[in-house]
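J.: Next comes the structure file start_34.csv, holding CSV, C-alpha atoms.
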chain,number,residue,atom,x,y,z
A,1,MET,CA,-6.9,29.7,-18.0
A,2,LYS,CA,-7.8,26.1,-18.7
A,3,ALA,CA,-7.0,23.7,-21.5
A,4,ARG,CA,-8.1,20.2,-22.3
A,5,VAL,CA,-5.9,17.6,-23.8
A,6,PHE,CA,-7.5,14.7,-25.6
A,7,VAL,CA,-5.2,11.7,-25.9
A,8,THR,CA,-6.3,9.0,-28.3
A,9,LEU,CA,-4.8,5.9,-29.8
A,10,LYS,CA,-3.5,6.4,-33.3
A,11,PRO,CA,-5.8,4.9,-36.0
A,12,GLY,CA,-4.9,1.3,-36.6
A,13,VAL,CA,-3.5,0.7,-33.1
A,14,LEU,CA,-5.6,-2.1,-31.4
A,15,ASP,CA,-7.8,-0.6,-28.7
A,16,PRO,CA,-8.8,-3.4,-26.3
A,17,GLN,CA,-10.8,-1.0,-24.1
A,18,GLY,CA,-12.7,0.4,-27.0
A,19,LYS,CA,-13.5,-3.2,-28.1
A,20,ALA,CA,-14.7,-4.1,-24.7
A,21,ILE,CA,-17.0,-1.1,-24.6
A,22,HIS,CA,-18.2,-2.0,-28.1
A,23,HIS,CA,-19.1,-5.5,-27.0
A,24,ALA,CA,-20.9,-4.2,-23.9
A,25,LEU,CA,-23.0,-1.8,-26.0
A,26,GLU,CA,-23.9,-4.7,-28.3
A,27,GLY,CA,-24.8,-6.7,-25.2
A,28,LEU,CA,-27.2,-4.0,-24.1
A,29,GLY,CA,-28.9,-4.3,-27.5
A,30,PHE,CA,-27.7,-1.1,-29.1
A,31,ALA,CA,-27.5,-1.8,-32.8
A,32,GLY,CA,-25.5,0.2,-35.4
A,33,VAL,CA,-22.4,0.9,-33.4
A,34,ASN,CA,-19.6,0.4,-36.0
A,35,ASP,CA,-16.6,0.8,-33.8
A,36,VAL,CA,-15.6,2.3,-30.4
A,37,ARG,CA,-12.3,3.9,-29.6
A,38,ALA,CA,-11.5,4.9,-26.0
A,39,GLY,CA,-9.2,7.8,-25.1
A,40,LYS,CA,-8.5,10.0,-22.2
A,41,LEU,CA,-9.2,13.6,-21.3
A,42,ILE,CA,-6.7,15.6,-19.3
A,43,GLU,CA,-7.8,19.0,-17.9
A,44,LEU,CA,-5.1,21.5,-17.2
A,45,ASP,CA,-5.5,24.6,-15.1
A,46,LEU,CA,-2.7,26.8,-16.3
A,47,ALA,CA,-1.2,30.2,-15.5
A,48,ASP,CA,-2.6,32.9,-17.7
A,49,GLY,CA,-0.4,33.5,-20.7
A,50,THR,CA,0.8,29.9,-21.0
A,51,ASP,CA,1.4,29.6,-24.7
A,52,ASP,CA,0.4,26.8,-27.1
A,53,ALA,CA,4.0,25.7,-27.5
A,54,ALA,CA,4.3,25.0,-23.8
A,55,ILE,CA,1.2,22.9,-23.8
A,56,GLU,CA,2.3,21.0,-26.8
A,57,GLU,CA,5.6,20.3,-25.1
A,58,MET,CA,3.8,18.9,-22.1
A,59,CYS,CA,1.9,16.6,-24.5
A,60,ARG,CA,5.1,15.4,-26.3
A,61,LYS,CA,7.2,15.0,-23.2
A,62,LEU,CA,4.7,13.3,-20.9
A,63,LEU,CA,0.9,13.4,-21.6
A,64,ALA,CA,0.9,11.3,-24.8
A,65,ASN,CA,3.1,8.5,-25.9
A,66,THR,CA,3.5,9.6,-29.5
A,67,VAL,CA,4.6,6.1,-30.6
A,68,ILE,CA,1.0,4.9,-30.2
A,69,GLU,CA,-1.1,8.0,-29.3
A,70,ASN,CA,-2.3,11.3,-30.9
A,71,PHE,CA,-3.2,14.3,-28.9
A,72,ARG,CA,-5.4,17.3,-29.5
A,73,ILE,CA,-5.3,20.5,-27.4
A,74,GLU,CA,-8.4,22.6,-26.8
A,75,ARG,CA,-8.2,25.9,-24.9
A,76,LEU,CA,-11.2,26.8,-22.8
A,77,ALA,CA,-12.5,30.4,-22.6
A,78,THR,CA,-12.0,31.6,-19.0
A,79,ALA,CA,-15.2,31.7,-17.2
B,1,MET,CA,30.4,-7.1,-9.6
B,2,LYS,CA,28.6,-3.9,-8.6
B,3,THR,CA,24.9,-3.9,-9.3
B,4,ALA,CA,22.2,-1.3,-8.8
B,5,VAL,CA,18.4,-1.6,-8.6
B,6,ILE,CA,16.3,1.6,-9.3
B,7,VAL,CA,13.4,2.1,-6.9
B,8,PHE,CA,10.4,4.1,-7.9
B,9,PRO,CA,7.3,4.7,-5.7
B,10,GLY,CA,5.2,1.7,-6.5
B,11,SER,CA,8.0,-0.7,-7.5
B,12,ASN,CA,7.1,-4.0,-5.8
B,13,CYS,CA,9.6,-6.4,-7.4
B,14,ASP,CA,12.7,-4.4,-6.5
B,15,ARG,CA,13.5,-6.7,-3.6
B,16,ASP,CA,12.9,-9.9,-5.6
B,17,LEU,CA,15.4,-8.5,-8.1
B,18,ALA,CA,17.8,-7.5,-5.4
B,19,VAL,CA,17.7,-11.0,-3.9
B,20,ALA,CA,18.3,-12.6,-7.3
B,21,LEU,CA,21.3,-10.3,-8.0
B,22,GLU,CA,22.7,-11.0,-4.5
B,23,GLN,CA,22.4,-14.7,-4.9
B,24,VAL,CA,24.1,-14.7,-8.2
B,25,THR,CA,26.8,-12.1,-7.7
B,26,GLY,CA,27.4,-12.6,-3.9
B,27,ALA,CA,27.1,-8.9,-3.3
B,28,LYS,CA,24.1,-6.8,-2.3
B,29,PRO,CA,23.0,-4.4,-5.0
B,30,GLU,CA,22.7,-0.7,-4.3
B,31,MET,CA,19.1,0.4,-4.1
B,32,VAL,CA,18.9,3.7,-5.9
B,33,TRP,CA,15.9,6.0,-5.2
B,34,HIS,CA,14.4,7.6,-8.3
B,35,ARG,CA,15.0,11.1,-7.0
B,36,GLU,CA,18.8,10.5,-7.2
B,37,THR,CA,20.6,12.1,-10.2
B,38,ALA,CA,23.6,9.8,-10.2
B,39,LEU,CA,24.3,6.1,-10.0
B,40,PRO,CA,26.9,4.5,-7.7
B,41,GLN,CA,30.4,4.9,-9.1
B,42,GLY,CA,31.6,2.0,-11.2
B,43,VAL,CA,28.3,0.3,-11.5
B,44,ASP,CA,28.4,-2.8,-13.7
B,45,PHE,CA,24.7,-3.6,-14.1
B,46,ILE,CA,21.5,-1.7,-13.6
B,47,GLY,CA,18.1,-3.3,-13.0
B,48,VAL,CA,14.8,-1.5,-13.5
B,49,PRO,CA,12.4,-3.6,-11.6
B,50,GLY,CA,8.7,-4.6,-12.0
B,51,GLY,CA,5.8,-3.2,-10.0
B,52,PHE,CA,3.5,-0.3,-10.6
B,53,SER,CA,5.5,2.8,-10.6
B,54,TYR,CA,3.4,5.8,-9.8
B,55,GLY,CA,0.4,3.5,-9.7
B,56,ASP,CA,0.6,3.1,-13.5
B,57,TYR,CA,-1.3,6.4,-13.7
B,58,LEU,CA,-1.3,8.2,-17.1
B,59,ARG,CA,0.4,5.2,-18.7
B,60,SER,CA,2.4,2.3,-17.3
B,61,GLY,CA,6.0,3.5,-16.8
B,62,ALA,CA,5.4,7.0,-18.2
B,63,MET,CA,6.1,9.0,-15.0
B,64,ALA,CA,9.0,6.8,-13.9
B,65,ALA,CA,10.6,7.2,-17.3
B,66,ARG,CA,10.8,11.0,-16.6
B,67,SER,CA,12.2,10.7,-13.1
B,68,PRO,CA,15.6,12.3,-12.3
B,69,ILE,CA,17.6,9.0,-12.1
B,70,MET,CA,16.6,8.1,-15.6
B,71,GLY,CA,19.0,10.6,-17.1
B,72,ALA,CA,21.9,8.8,-15.4
B,73,VAL,CA,20.5,5.4,-16.5
B,74,LYS,CA,20.4,6.7,-20.1
B,75,ASP,CA,24.0,7.9,-19.9
B,76,ALA,CA,25.1,4.6,-18.5
B,77,ALA,CA,23.3,2.6,-21.2
B,78,ALA,CA,24.9,4.8,-23.8
B,79,ARG,CA,28.3,3.9,-22.3
B,80,GLY,CA,27.5,0.2,-22.7
B,81,VAL,CA,26.5,-0.6,-19.1
B,82,PRO,CA,24.0,-3.5,-19.2
B,83,VAL,CA,20.5,-2.5,-18.2
B,84,ILE,CA,17.6,-4.9,-17.7
B,85,GLY,CA,14.0,-3.7,-17.4
B,86,ILE,CA,11.6,-6.3,-16.2
B,87,CYS,CA,7.8,-5.9,-16.5
B,88,ASN,CA,7.1,-2.4,-15.4
B,89,GLY,CA,10.8,-1.8,-16.0
B,90,PHE,CA,10.3,-2.8,-19.6
B,91,GLN,CA,7.5,-0.2,-19.8
B,92,VAL,CA,9.8,2.4,-18.2
B,93,LEU,CA,12.5,1.7,-20.8
B,94,THR,CA,10.2,2.0,-23.7
B,95,GLU,CA,8.7,5.2,-22.3
B,96,ALA,CA,12.2,6.5,-21.7
B,97,GLY,CA,13.1,5.8,-25.4
B,98,LEU,CA,15.8,3.3,-24.5
B,99,LEU,CA,13.9,0.6,-26.3
B,100,PRO,CA,11.5,1.0,-29.3
B,101,GLY,CA,7.8,0.4,-29.3
B,102,ALA,CA,5.2,0.6,-26.5
B,103,LEU,CA,3.4,-1.7,-24.1
B,104,MET,CA,-0.3,-1.4,-24.2
B,105,ARG,CA,-3.3,-2.9,-22.3
B,106,ASN,CA,-3.4,-6.7,-22.7
B,107,ALA,CA,-5.6,-7.6,-25.8
B,108,GLY,CA,-7.9,-9.8,-23.6
B,109,LEU,CA,-8.1,-7.0,-21.0
B,110,ASN,CA,-7.3,-9.5,-18.3
B,111,PHE,CA,-4.4,-9.2,-15.8
B,112,VAL,CA,-2.4,-12.3,-16.8
B,113,CYS,CA,-0.5,-14.0,-13.9
B,114,ARG,CA,0.9,-17.4,-14.6
B,115,PRO,CA,4.0,-19.3,-15.7
B,116,VAL,CA,4.3,-19.1,-19.5
B,117,PRO,CA,6.4,-21.0,-22.0
B,118,LEU,CA,8.9,-18.9,-23.9
B,119,LYS,CA,11.3,-19.5,-26.8
B,120,VAL,CA,14.8,-18.1,-26.5
B,121,GLU,CA,15.2,-16.4,-29.9
B,122,ASN,CA,18.7,-15.0,-29.4
B,123,SER,CA,21.3,-16.8,-27.3
B,124,GLN,CA,24.2,-14.5,-28.3
B,125,SER,CA,23.3,-11.5,-26.2
B,126,LEU,CA,24.8,-10.5,-22.8
B,127,PHE,CA,21.7,-11.6,-21.1
B,128,THR,CA,20.9,-14.9,-22.9
B,129,ALA,CA,24.4,-16.4,-23.4
B,130,GLN,CA,23.6,-19.3,-21.0
B,131,TYR,CA,20.6,-20.4,-23.0
B,132,ASP,CA,20.5,-22.3,-26.2
B,133,ALA,CA,18.9,-20.7,-29.3
B,134,GLY,CA,15.4,-22.1,-29.7
B,135,GLU,CA,15.4,-23.4,-26.2
B,136,GLN,CA,12.0,-23.4,-24.4
B,137,VAL,CA,12.0,-21.9,-20.9
B,138,THR,CA,9.2,-21.2,-18.5
B,139,LEU,CA,9.0,-17.8,-16.7
B,140,PRO,CA,6.1,-16.3,-14.8
B,141,VAL,CA,4.3,-13.2,-16.1
B,142,ALA,CA,2.1,-10.9,-14.0
B,143,HIS,CA,0.9,-7.9,-15.9
B,144,HIS,CA,-2.0,-5.9,-17.3
B,145,ASP,CA,-0.1,-3.9,-19.9
B,146,GLY,CA,2.2,-6.4,-21.6
B,147,ASN,CA,0.9,-6.1,-25.2
B,148,TYR,CA,4.0,-5.1,-27.1
B,149,GLN,CA,3.3,-3.0,-30.2
B,150,ALA,CA,5.6,-1.2,-32.7
B,151,ASP,CA,5.2,-0.3,-36.3
B,152,THR,CA,5.9,-2.9,-38.9
B,153,ALA,CA,9.3,-1.4,-39.9
B,154,THR,CA,10.4,-1.4,-36.3
B,155,LEU,CA,9.2,-5.0,-35.8
B,156,ASP,CA,11.0,-6.1,-39.0
B,157,ARG,CA,14.2,-4.4,-37.9
B,158,LEU,CA,14.0,-6.0,-34.5
B,159,GLU,CA,13.6,-9.5,-36.1
B,160,GLY,CA,16.2,-8.8,-38.8
B,161,GLU,CA,18.8,-7.7,-36.3
B,162,GLY,CA,18.2,-10.6,-33.9
B,163,ARG,CA,16.9,-8.2,-31.2
B,164,VAL,CA,13.9,-10.3,-30.2
B,165,ALA,CA,15.4,-12.1,-27.2
B,166,PHE,CA,12.3,-14.0,-26.0
B,167,ARG,CA,9.0,-14.9,-27.7
B,168,TYR,CA,5.9,-16.3,-26.1
B,169,LEU,CA,5.0,-19.7,-27.4
B,170,ASP,CA,1.3,-19.0,-26.8
B,171,GLN,CA,-0.4,-15.6,-27.4
B,172,VAL,CA,-0.5,-14.3,-23.8
B,173,ASN,CA,-1.4,-10.6,-24.1
B,174,GLY,CA,-1.8,-9.7,-27.8
B,175,SER,CA,1.9,-8.7,-28.3
B,176,ALA,CA,2.9,-8.2,-31.9
B,177,ARG,CA,4.6,-11.3,-33.2
B,178,GLN,CA,4.3,-12.7,-29.7
B,179,ILE,CA,7.3,-10.7,-28.6
B,180,ALA,CA,8.1,-11.1,-24.9
B,181,GLY,CA,11.5,-9.4,-24.7
B,182,ILE,CA,13.7,-7.2,-26.9
B,183,LEU,CA,17.2,-5.8,-27.0
B,184,ASN,CA,18.4,-2.3,-27.9
B,185,ASP,CA,20.5,-1.9,-31.0
B,186,ALA,CA,23.8,-2.1,-29.1
B,187,GLY,CA,22.6,-5.3,-27.3
B,188,ASN,CA,23.2,-4.0,-23.7
B,189,VAL,CA,19.6,-3.1,-22.8
B,190,LEU,CA,17.0,-5.8,-22.4
B,191,GLY,CA,13.3,-5.3,-21.7
B,192,LEU,CA,11.1,-8.2,-21.0
B,193,MET,CA,7.6,-8.7,-19.5
B,194,PRO,CA,8.2,-12.1,-17.8
B,195,HIS,CA,10.0,-12.2,-14.4
B,196,PRO,CA,13.3,-14.1,-14.5
B,197,GLU,CA,14.0,-13.0,-10.9
B,198,ARG,CA,11.0,-15.0,-9.7
B,199,VAL,CA,12.5,-18.4,-10.8
B,200,ILE,CA,16.1,-18.6,-9.6
B,201,GLU,CA,15.9,-21.4,-7.1
B,202,PRO,CA,14.1,-24.7,-6.9
B,203,ALA,CA,11.8,-23.5,-4.1
B,204,HIS,CA,10.4,-21.0,-6.6
B,205,GLY,CA,9.1,-23.9,-8.7
B,206,GLY,CA,11.7,-23.4,-11.4
B,207,THR,CA,15.1,-22.1,-12.1
B,208,ASP,CA,14.9,-20.9,-15.7
B,209,GLY,CA,15.5,-17.3,-14.7
B,210,ARG,CA,18.7,-17.9,-13.0
B,211,ARG,CA,20.8,-18.4,-16.1
B,212,LEU,CA,19.9,-14.9,-17.3
B,213,PHE,CA,21.7,-13.4,-14.3
B,214,GLU,CA,24.5,-15.9,-14.4
B,215,GLY,CA,25.1,-15.3,-18.0
B,216,LEU,CA,25.3,-11.6,-17.4
B,217,LEU,CA,27.7,-12.1,-14.5
B,218,GLY,CA,29.9,-14.3,-16.7
B,219,THR,CA,30.0,-11.8,-19.5
B,220,VAL,CA,30.6,-8.7,-17.3
B,221,SER,CA,33.3,-10.2,-15.2
B,222,ALA,CA,35.1,-11.9,-18.1
Written as C-alpha cells, how would this file's structure read?
T.:
Amino acid sequence: MKARVFVTLKPGVLDPQGKAIHHALEGLGFAGVNDVRAGKLIELDLADGTDDAAIEEMCRKLLANTVIENFRIERLATA
Amino acid sequence: MKTAVIVFPGSNCDRDLAVALEQVTGAKPEMVWHRETALPQGVDFIGVPGGFSYGDYLRSGAMAARSPIMGAVKDAAARGVPVIGICNGFQVLTEAGLLPGALMRNAGLNFVCRPVPLKVENSQSLFTAQYDAGEQVTLPVAHHDGNYQADTATLDRLEGEGRVAFRYLDQVNGSARQIAGILNDAGNVLGLMPHPERVIEPAHGGTDGRRLFEGLLGTVSA
C-alpha cells in the first residue's frame, strides 16, 4: 500500500520559499496570486496492513517538525 | 578536561571544532561516530559540530537528531554536561528537543557566509563567562537555514530568563528578535549559528571565538 504525507508550514510561519515563488509568478505576469505557500510531499510505500497510527508516528517522530509544520496523511488505493 | 565531538555523515566542521578544543584544552577530543550509543566515560564537554548532516535532506539536522548517539547526548545534557551545538549542531539540538524553536530557511533565501557582528546578551553562562554583557564580537556565519523561529511565548521566556546568549546586530537571516544563540533552561546547552571555532587564533582573522572555549574550560575545571 502507498500513502502520501503532505508537510506544510503552519499558518503564520514565514515561508521564504513560498514568497520567492510568489515573486517569480508576479515577474512572469500572472496577476491575482494572493499568496504562495510551499510544502513537501513524501510518498511512502508501506507493508500492507500498516495502520494509521504507525504513519502518524512516523510523521511526529521524523517527517514533520511539529514546532513549525503541519502534516496531512493521504492513503492511496492500491493499484 | 575530556571533550567529545559527535561526527555525523556530512559534518564538515568537526575537525575545526576538534582543533579549537585541542588548542584550548591541550588534549585531543574523542571523535564519536553517530552510530555509537555511548559517550566516552567521564566526558566533560560535548560538541555537536556544523556541516550538513545527512545532506540536510528532509530538514536541516532532522535525521542527525534521531541518530543513536543522540540518546546518550540527551542523557549527558540532563546530567548537566555542557553541550554546544554550532550551526548544523544548533539545528540538530532543536530537532532533538534539547533546545526550543526551529531553524528555517534564511528569510532572504541566500546562503549567508561572512563575518557578522554580534552582541553578547548573557555573560553569566558557562559558555560566555569570558565576555562582557553587551560586548560586541565578530564571528563568521555560513548557513542557509539559520532563521531562528519560535512562538511568542517561547521567545518571551527565552528573553525573560536571560537565555538569549548572542544576538545579531544586523538582521542576517530573518531570525526572530535577531537571535543568534540560545541556552537551555539549565544553562548547560548552547546552540548558536555563528562559528566560534573558526576565530580562535590571529591567523583566522580574529580571536573572538576563543574566549567561548576558554570560558568553558575555566568553568568546568574550576
J.: Up to 12 Å from chain A, what residues of chain B turn up? Count only C-alpha atoms and give them as a VMD selection string.
T.: chain B and resid 57 to 67 91 to 92 94 to 97 99 to 110 144 to 145 147 to 152 154 173 to 176
J.: List as a short mmCIF file (atom, residue, chain, number, x, y, z; two decimals) with C-alpha atoms, keeping the file's coordinate frame the protein and nucleic acid residues near Ala133 in chain B, meaning an atom at most 8 Å away when all atoms listed in the file are counted, but skip any in the same chain fewer than 6 places from it.
T.:
data_model
loop_
_atom_site.label_atom_id
_atom_site.label_comp_id
_atom_site.auth_asym_id
_atom_site.auth_seq_id
_atom_site.Cartn_x
_atom_site.Cartn_y
_atom_site.Cartn_z
CA VAL B 120 14.80 -18.10 -26.50
CA GLU B 121 15.20 -16.40 -29.90
CA ASN B 122 18.70 -15.00 -29.40
CA SER B 123 21.30 -16.80 -27.30
#
J.: Can you work out which one of A:Gly12, A:Val5, A:Asn70, A:Val36 has the shortest atom-to-atom distance to Ile55 in chain A, counting all atoms listed in the file?
T.: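 So, comparing all the options, the nearest one is A:Val5.
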J.: With distances taken over all atoms listed in the file, which of B:Ala20, B:Leu169, B:Val5, B:Leu192 is nearest to Leu39 in chain B?
T.: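 Closest candidate: B:Val5.
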J.: Compile the contact shell of range 32-34 of chain A as a PyMOL selection string: residues with an atom at most 9 Å away, counting all atoms listed in the file, same-chain residues fewer than 3 positions apart removed.
T.: chain A and resi 22+25-26
J.: Go ahead and save the picked residues with C-alpha atoms, as a CSV table (one decimal), keeping the file's coordinate frame.
T.:
chain,number,residue,atom,x,y,z
A,22,HIS,CA,-18.2,-2.0,-28.1
A,25,LEU,CA,-23.0,-1.8,-26.0
A,26,GLU,CA,-23.9,-4.7,-28.3
J.: Tell me, as a ChimeraX atom specification, which residues lie within 9 Å of Met1 in chain A, counting all atoms listed in the file; anything in the same chain fewer than 5 positions away does not count.
T.: /A:44-50,75-79
J.: To one decimal in Å, tell me the separation between CA of Met193 in chain B and CA of Ser11 in chain B.
T.: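 Computed distance, CA of Met193 in chain B to CA of Ser11 in chain B, equals 14.4 Å.
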J.: Find the residues around range 73-82 of chain B up to 9 Å (all atoms listed in the file counted), leave out those fewer than 5 positions away in its own chain, and share them as a PDB file with C-alpha atoms, in the frame of the given file.
T.:
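Printed below is part20.pdb as written:
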ATOM      1  CA  ALA B  38      23.600   9.800 -10.200  1.00  0.00           C
ATOM      2  CA  LEU B  39      24.300   6.100 -10.000  1.00  0.00           C
ATOM      3  CA  VAL B  43      28.300   0.300 -11.500  1.00  0.00           C
ATOM      4  CA  ASP B  44      28.400  -2.800 -13.700  1.00  0.00           C
ATOM      5  CA  PHE B  45      24.700  -3.600 -14.100  1.00  0.00           C
ATOM      6  CA  ILE B  46      21.500  -1.700 -13.600  1.00  0.00           C
ATOM      7  CA  GLY B  47      18.100  -3.300 -13.000  1.00  0.00           C
ATOM      8  CA  ALA B  96      12.200   6.500 -21.700  1.00  0.00           C
ATOM      9  CA  LEU B  98      15.800   3.300 -24.500  1.00  0.00           C
ATOM     10  CA  LEU B 126      24.800 -10.500 -22.800  1.00  0.00           C
ATOM     11  CA  PHE B 127      21.700 -11.600 -21.100  1.00  0.00           C
ATOM     12  CA  ALA B 186      23.800  -2.100 -29.100  1.00  0.00           C
ATOM     13  CA  GLY B 187      22.600  -5.300 -27.300  1.00  0.00           C
ATOM     14  CA  ASN B 188      23.200  -4.000 -23.700  1.00  0.00           C
ATOM     15  CA  VAL B 189      19.600  -3.100 -22.800  1.00  0.00           C
ATOM     16  CA  LEU B 190      17.000  -5.800 -22.400  1.00  0.00           C
ATOM     17  CA  LEU B 216      25.300 -11.600 -17.400  1.00  0.00           C
ATOM     18  CA  VAL B 220      30.600  -8.700 -17.300  1.00  0.00           C
TER      19      VAL B 220
END
J.: Using only C-alpha atoms, which of B:Lys2, B:Gln130, B:Ala18, B:Leu183 sits nearest Arg198 in chain B?
T.: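 With only C-alpha atoms as the atom set, the closest residue is B:Ala18.
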J.: What is the CA of Phe166 in chain B-CA of Phe8 in chain B distance in Å, reported with one decimal?
T.: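 Between these atoms lies a distance of 25.7 Å.
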J.: Could you please determine the separation between CA of Ala153 in chain B and CA of Arg177 in chain B in Å, to one decimal place?
T.: 12.8 Å
